[in-house]
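A.B. asks: Sending over work_11.csv (CSV, C-alpha atoms).
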```csv
chain,number,residue,atom,x,y,z
A,1,ASP,CA,16.8,18.8,-4.2
A,2,ARG,CA,14.1,20.4,-6.3
A,3,PRO,CA,12.0,17.9,-8.2
A,4,PRO,CA,12.7,17.3,-11.9
A,5,PRO,CA,10.1,18.7,-14.3
A,6,PRO,CA,7.1,16.6,-15.2
A,7,PHE,CA,7.1,15.3,-18.8
A,8,ASP,CA,4.7,14.0,-21.4
A,9,VAL,CA,2.0,16.6,-20.7
A,10,HIS,CA,-1.0,15.5,-22.8
A,11,VAL,CA,-4.5,16.8,-23.4
A,12,GLU,CA,-6.6,13.6,-23.0
A,13,GLY,CA,-9.8,15.3,-24.1
A,14,THR,CA,-11.8,18.5,-24.2
A,15,SER,CA,-15.4,19.3,-23.4
A,16,ASP,CA,-17.4,22.5,-23.0
A,17,GLY,CA,-14.9,25.0,-21.6
A,18,ARG,CA,-12.6,22.3,-20.2
A,19,ALA,CA,-9.5,20.2,-21.0
A,20,LEU,CA,-8.4,17.0,-19.2
A,21,LEU,CA,-4.6,16.8,-18.8
A,22,THR,CA,-2.3,14.0,-17.8
A,23,TRP,CA,1.5,14.0,-17.2
A,24,LYS,CA,4.2,11.8,-15.9
A,25,MET,CA,7.1,12.2,-13.4
A,26,PRO,CA,10.5,10.4,-13.7
A,27,PRO,CA,10.9,7.3,-11.5
A,28,ASN,CA,12.6,7.8,-8.2
A,29,CYS,CA,12.0,11.6,-8.2
A,30,GLY,CA,11.0,11.6,-4.6
A,31,TYR,CA,7.9,13.1,-2.9
A,32,VAL,CA,6.0,15.8,-4.8
A,33,THR,CA,3.8,18.0,-2.6
A,34,GLU,CA,1.8,19.5,-5.5
A,35,PHE,CA,1.7,20.2,-9.2
A,36,ILE,CA,1.1,23.7,-10.6
A,37,ILE,CA,-0.7,23.8,-14.0
A,38,GLU,CA,-0.4,26.7,-16.3
A,39,ARG,CA,-2.2,27.5,-19.6
A,40,ALA,CA,-1.3,29.7,-22.6
A,41,GLU,CA,-3.6,30.6,-25.5
A,42,ALA,CA,-1.9,29.3,-28.6
A,43,PRO,CA,0.2,30.5,-30.3
A,44,GLY,CA,1.3,32.9,-27.5
A,45,ASP,CA,3.6,32.4,-24.5
A,46,ASN,CA,1.5,34.3,-21.9
A,47,TRP,CA,1.4,31.6,-19.2
A,48,ILE,CA,-1.4,31.9,-16.6
A,49,ARG,CA,-1.9,29.7,-13.6
A,50,ALA,CA,-4.8,27.2,-14.4
A,51,GLY,CA,-4.8,25.1,-11.3
A,52,VAL,CA,-3.0,23.2,-8.5
A,53,ASN,CA,-3.3,19.5,-7.9
A,54,ARG,CA,-1.7,16.7,-5.9
A,55,PHE,CA,-2.2,14.1,-8.6
A,56,SER,CA,-0.9,13.7,-12.2
A,57,THR,CA,-4.2,14.5,-13.8
A,58,HIS,CA,-6.2,17.7,-13.8
A,59,SER,CA,-9.3,19.1,-15.4
A,60,VAL,CA,-8.7,22.7,-16.4
A,61,GLU,CA,-11.9,24.7,-16.4
A,62,GLY,CA,-12.9,28.2,-17.6
A,63,LEU,CA,-11.5,27.8,-21.1
A,64,GLU,CA,-13.1,29.5,-24.1
A,65,ASN,CA,-14.6,27.3,-26.7
A,66,GLY,CA,-13.1,27.7,-30.2
A,67,LYS,CA,-9.7,28.8,-28.8
A,68,GLU,CA,-6.5,26.7,-28.8
A,69,TYR,CA,-4.5,26.3,-25.6
A,70,ARG,CA,-1.2,24.8,-24.5
A,71,PHE,CA,-0.5,23.6,-21.0
A,72,ARG,CA,2.6,23.1,-18.9
A,73,VAL,CA,3.2,21.7,-15.4
A,74,PHE,CA,5.6,22.4,-12.5
A,75,ALA,CA,6.3,20.0,-9.6
A,76,ASP,CA,6.8,21.3,-6.0
A,77,ASN,CA,8.4,19.7,-3.1
A,78,LEU,CA,9.9,20.9,0.2
A,79,HIS,CA,13.0,22.1,-1.6
A,80,GLY,CA,11.4,24.2,-4.2
A,81,ARG,CA,9.8,24.1,-7.6
A,82,SER,CA,10.9,22.3,-10.7
A,83,ASP,CA,11.6,23.9,-14.1
A,84,PRO,CA,8.4,23.8,-16.3
A,85,SER,CA,7.6,20.8,-18.3
A,86,ARG,CA,7.7,21.0,-22.1
A,87,PRO,CA,4.3,22.4,-23.2
A,88,SER,CA,1.6,20.1,-24.4
A,89,ASP,CA,0.6,20.2,-28.0
A,90,SER,CA,-2.1,22.8,-28.5
A,91,ALA,CA,-5.7,21.6,-28.3
A,92,GLN,CA,-8.8,23.4,-29.5
A,93,ILE,CA,-11.5,23.6,-26.8
A,94,LYS,CA,-14.9,22.4,-28.2
A,95,PRO,CA,-18.0,20.9,-26.7
A,96,SER,CA,-18.1,17.1,-26.9
A,97,GLU,CA,-21.0,15.6,-28.8
A,98,GLN,CA,-23.0,14.8,-25.6
A,99,ASP,CA,-22.7,18.5,-24.4
A,100,ARG,CA,-24.6,19.8,-27.5
```
Would you mind writing the file out in structure tokens?

C.D. replies:
Amino acid sequence: DRPPPPFDVHVEGTSDGRALLTWKMPPNCGYVTEFIIERAEAPGDNWIRAGVNRFSTHSVEGLENGKEYRFRVFADNLHGRSDPSRPSDSAQIKPSEQDR
């Protein structure tokens, strides 16, 4: 079977042009080969691929400071791709204090 969608997609923090994301998978969901991360500039729904990762954390780069983004994640396995996760809350990208 295809994997279930990831859940609890959360922006852990932002720094200059970047956002650190985390998410969870349901227990006993089986092997996931990779996760596909997408971003959309808030408040829109124009989803663009932002990265691929084998782990449940990802640093999205190339974001524009001062803009707000939402993120969603898909899980892939040998049987196909999950439905998308629910989008994260929107987060404004801004340099951290030490980046200034």

A.B. asks: Could you tell me which of A:Arg70, A:Ser59, A:Ser15, A:Phe7 comes closest to A:Asp45 if we count only C-alpha atoms?

C.D. replies: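 Closest residue, counting only C-alpha atoms: A:Arg70.
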
A.B. asks: Skip A:Ile93 itself and residues of its chain fewer than 6 positions away, then list as JSON, numbers by chain all residues within 12 Å of it, counting all atoms listed in the file.

C.D. replies: {"A": [11, 12, 13, 14, 15, 16, 17, 18, 19, 20, 41, 42, 60, 61, 62, 63, 64, 65, 66, 67, 68, 69, 70]}

A.B. asks: In terms of the shortest atom-to-atom distance over only C-alpha atoms, which of A:His10, A:Arg39, A:Lys24, A:Arg54 is closest to A:Asp89?

C.D. replies: A:His10

A.B. asks: For A:Asn53, find every residue with an atom within 12 Å (counting all atoms listed in the file), except residues of its own chain fewer than 6 positions away, and show them as a ChimeraX atom specification.

C.D. replies: /A:21-23,32-38,59-60,73-76

A.B. asks: What does the distance between atom CA of A:Ala91 and atom CA of A:Ala40 come to in Å, to one decimal place?

C.D. replies: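 Atom CA of A:Ala91 sits 10.8 Å away from atom CA of A:Ala40.
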
A.B. asks: At what distance in Å, to one decimal, does atom CA of A:Pro3 lie from atom CA of A:Gly44?

C.D. replies: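 Taking atom CA of A:Gly44 as the start and atom CA of A:Pro3 as the end point, the length is 26.7 Å.
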
A.B. asks: Which residues are close to A:Pro5, i.e. within 6 Å by only C-alpha atoms, leaving aside same-chain residues fewer than 2 positions away? Reply as an MDAnalysis selection string.

C.D. replies: chainID A and resid 82:85

A.B. asks: Keeping C-alpha atoms, export the residues of the selection given above as a PDB file, in the frame of the given file.

C.D. replies:
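Below is the file that was written, result.pdb:
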```
ATOM      1  CA  SER A  82      10.900  22.300 -10.700  1.00  0.00           C
ATOM      2  CA  ASP A  83      11.600  23.900 -14.100  1.00  0.00           C
ATOM      3  CA  PRO A  84       8.400  23.800 -16.300  1.00  0.00           C
ATOM      4  CA  SER A  85       7.600  20.800 -18.300  1.00  0.00           C
TER       5      SER A  85
END
```

A.B. asks: Counting all atoms listed in the file, figure out which residue out of A:Asn46, A:His58, A:Ser88, A:Pro4 gets nearest to A:Asn28.

C.D. replies: A:Pro4

A.B. asks: Have a look at atom CA of A:Met25 and atom CA of A:Lys94 and let me know their distance in Å, one decimal.

C.D. replies: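 Between atom CA of A:Met25 and atom CA of A:Lys94 the gap is 28.4 Å.
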
A.B. asks: Would you mind exporting stretch 48-74 of chain A with N, CA, C and O atoms, as a PDB file, in the first residue's frame?

C.D. replies:
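File written: out_2.pdb
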```
ATOM      1  N   ILE A  48       5.284  24.416  -4.858  1.00  0.00           N
ATOM      2  CA  ILE A  48       6.518  24.214  -5.617  1.00  0.00           C
ATOM      3  C   ILE A  48       7.410  23.271  -4.821  1.00  0.00           C
ATOM      4  O   ILE A  48       7.539  23.416  -3.596  1.00  0.00           O
ATOM      5  N   ARG A  49       8.035  22.310  -5.525  1.00  0.00           N
ATOM      6  CA  ARG A  49       8.922  21.385  -4.830  1.00  0.00           C
ATOM      7  C   ARG A  49      10.072  22.161  -4.194  1.00  0.00           C
ATOM      8  O   ARG A  49      10.706  22.989  -4.828  1.00  0.00           O
ATOM      9  N   ALA A  50      10.337  21.856  -2.914  1.00  0.00           N
ATOM     10  CA  ALA A  50      11.376  22.557  -2.162  1.00  0.00           C
ATOM     11  C   ALA A  50      12.490  21.622  -1.723  1.00  0.00           C
ATOM     12  O   ALA A  50      13.500  22.080  -1.195  1.00  0.00           O
ATOM     13  N   GLY A  51      12.316  20.304  -1.918  1.00  0.00           N
ATOM     14  CA  GLY A  51      13.373  19.392  -1.514  1.00  0.00           C
ATOM     15  C   GLY A  51      12.896  17.960  -1.407  1.00  0.00           C
ATOM     16  O   GLY A  51      11.700  17.681  -1.444  1.00  0.00           O
ATOM     17  N   VAL A  52      13.875  17.074  -1.290  1.00  0.00           N
ATOM     18  CA  VAL A  52      13.641  15.644  -1.104  1.00  0.00           C
ATOM     19  C   VAL A  52      14.585  15.197   0.005  1.00  0.00           C
ATOM     20  O   VAL A  52      15.737  15.626   0.065  1.00  0.00           O
ATOM     21  N   ASN A  53      14.089  14.333   0.893  1.00  0.00           N
ATOM     22  CA  ASN A  53      14.886  13.919   2.036  1.00  0.00           C
ATOM     23  C   ASN A  53      14.465  12.532   2.475  1.00  0.00           C
ATOM     24  O   ASN A  53      13.303  12.156   2.302  1.00  0.00           O
ATOM     25  N   ARG A  54      15.383  11.785   3.078  1.00  0.00           N
ATOM     26  CA  ARG A  54      15.052  10.461   3.612  1.00  0.00           C
ATOM     27  C   ARG A  54      14.680  10.523   5.086  1.00  0.00           C
ATOM     28  O   ARG A  54      14.273   9.520   5.663  1.00  0.00           O
ATOM     29  N   PHE A  55      14.830  11.686   5.692  1.00  0.00           N
ATOM     30  CA  PHE A  55      14.602  11.832   7.137  1.00  0.00           C
ATOM     31  C   PHE A  55      13.428  12.762   7.397  1.00  0.00           C
ATOM     32  O   PHE A  55      12.996  13.474   6.505  1.00  0.00           O
ATOM     33  N   SER A  56      12.941  12.792   8.638  1.00  0.00           N
ATOM     34  CA  SER A  56      11.742  13.583   8.946  1.00  0.00           C
ATOM     35  C   SER A  56      12.095  14.980   9.435  1.00  0.00           C
ATOM     36  O   SER A  56      11.424  15.542  10.300  1.00  0.00           O
ATOM     37  N   THR A  57      13.139  15.536   8.869  1.00  0.00           N
ATOM     38  CA  THR A  57      13.520  16.916   9.105  1.00  0.00           C
ATOM     39  C   THR A  57      14.200  17.421   7.838  1.00  0.00           C
ATOM     40  O   THR A  57      14.822  16.643   7.123  1.00  0.00           O
ATOM     41  N   HIS A  58      14.025  18.699   7.542  1.00  0.00           N
ATOM     42  CA  HIS A  58      14.606  19.226   6.309  1.00  0.00           C
ATOM     43  C   HIS A  58      14.787  20.729   6.430  1.00  0.00           C
ATOM     44  O   HIS A  58      13.924  21.421   6.954  1.00  0.00           O
ATOM     45  N   SER A  59      15.926  21.215   5.932  1.00  0.00           N
ATOM     46  CA  SER A  59      16.183  22.648   5.876  1.00  0.00           C
ATOM     47  C   SER A  59      15.888  23.120   4.459  1.00  0.00           C
ATOM     48  O   SER A  59      16.583  22.736   3.523  1.00  0.00           O
ATOM     49  N   VAL A  60      14.828  23.911   4.313  1.00  0.00           N
ATOM     50  CA  VAL A  60      14.456  24.459   3.005  1.00  0.00           C
ATOM     51  C   VAL A  60      15.250  25.741   2.813  1.00  0.00           C
ATOM     52  O   VAL A  60      15.215  26.628   3.663  1.00  0.00           O
ATOM     53  N   GLU A  61      15.965  25.833   1.685  1.00  0.00           N
ATOM     54  CA  GLU A  61      16.793  27.002   1.407  1.00  0.00           C
ATOM     55  C   GLU A  61      16.230  27.746   0.204  1.00  0.00           C
ATOM     56  O   GLU A  61      15.320  27.279  -0.461  1.00  0.00           O
ATOM     57  N   GLY A  62      16.779  28.918  -0.053  1.00  0.00           N
ATOM     58  CA  GLY A  62      16.365  29.703  -1.215  1.00  0.00           C
ATOM     59  C   GLY A  62      15.056  30.442  -1.029  1.00  0.00           C
ATOM     60  O   GLY A  62      14.393  30.793  -1.998  1.00  0.00           O
ATOM     61  N   LEU A  63      14.677  30.680   0.228  1.00  0.00           N
ATOM     62  CA  LEU A  63      13.445  31.419   0.507  1.00  0.00           C
ATOM     63  C   LEU A  63      13.755  32.905   0.571  1.00  0.00           C
ATOM     64  O   LEU A  63      14.890  33.309   0.802  1.00  0.00           O
ATOM     65  N   GLU A  64      12.723  33.711   0.370  1.00  0.00           N
ATOM     66  CA  GLU A  64      12.920  35.160   0.341  1.00  0.00           C
ATOM     67  C   GLU A  64      12.589  35.757   1.707  1.00  0.00           C
ATOM     68  O   GLU A  64      11.483  35.559   2.230  1.00  0.00           O
ATOM     69  N   ASN A  65      13.555  36.470   2.280  1.00  0.00           N
ATOM     70  CA  ASN A  65      13.331  37.129   3.581  1.00  0.00           C
ATOM     71  C   ASN A  65      12.147  38.087   3.480  1.00  0.00           C
ATOM     72  O   ASN A  65      11.959  38.752   2.468  1.00  0.00           O
ATOM     73  N   GLY A  66      11.348  38.127   4.555  1.00  0.00           N
ATOM     74  CA  GLY A  66      10.204  39.029   4.614  1.00  0.00           C
ATOM     75  C   GLY A  66       8.924  38.419   4.074  1.00  0.00           C
ATOM     76  O   GLY A  66       7.849  38.969   4.277  1.00  0.00           O
ATOM     77  N   LYS A  67       9.012  37.279   3.375  1.00  0.00           N
ATOM     78  CA  LYS A  67       7.804  36.621   2.844  1.00  0.00           C
ATOM     79  C   LYS A  67       7.381  35.507   3.785  1.00  0.00           C
ATOM     80  O   LYS A  67       8.188  34.982   4.554  1.00  0.00           O
ATOM     81  N   GLU A  68       6.095  35.156   3.688  1.00  0.00           N
ATOM     82  CA  GLU A  68       5.565  34.057   4.496  1.00  0.00           C
ATOM     83  C   GLU A  68       5.363  32.848   3.613  1.00  0.00           C
ATOM     84  O   GLU A  68       4.901  32.966   2.471  1.00  0.00           O
ATOM     85  N   TYR A  69       5.696  31.668   4.151  1.00  0.00           N
ATOM     86  CA  TYR A  69       5.562  30.410   3.418  1.00  0.00           C
ATOM     87  C   TYR A  69       4.842  29.382   4.267  1.00  0.00           C
ATOM     88  O   TYR A  69       4.893  29.418   5.496  1.00  0.00           O
ATOM     89  N   ARG A  70       4.161  28.481   3.558  1.00  0.00           N
ATOM     90  CA  ARG A  70       3.614  27.274   4.176  1.00  0.00           C
ATOM     91  C   ARG A  70       4.311  26.091   3.517  1.00  0.00           C
ATOM     92  O   ARG A  70       4.782  26.194   2.386  1.00  0.00           O
ATOM     93  N   PHE A  71       4.330  24.967   4.214  1.00  0.00           N
ATOM     94  CA  PHE A  71       5.025  23.781   3.722  1.00  0.00           C
ATOM     95  C   PHE A  71       4.131  22.561   3.880  1.00  0.00           C
ATOM     96  O   PHE A  71       3.305  22.499   4.790  1.00  0.00           O
ATOM     97  N   ARG A  72       4.300  21.605   2.964  1.00  0.00           N
ATOM     98  CA  ARG A  72       3.621  20.320   3.098  1.00  0.00           C
ATOM     99  C   ARG A  72       4.588  19.233   2.650  1.00  0.00           C
ATOM    100  O   ARG A  72       5.572  19.501   1.958  1.00  0.00           O
ATOM    101  N   VAL A  73       4.285  17.991   3.074  1.00  0.00           N
ATOM    102  CA  VAL A  73       5.204  16.879   2.848  1.00  0.00           C
ATOM    103  C   VAL A  73       4.421  15.683   2.333  1.00  0.00           C
ATOM    104  O   VAL A  73       3.290  15.425   2.772  1.00  0.00           O
ATOM    105  N   PHE A  74       5.019  14.969   1.384  1.00  0.00           N
ATOM    106  CA  PHE A  74       4.515  13.689   0.898  1.00  0.00           C
ATOM    107  C   PHE A  74       5.501  12.599   1.316  1.00  0.00           C
ATOM    108  O   PHE A  74       6.698  12.873   1.444  1.00  0.00           O
TER     109      PHE A  74
END
```
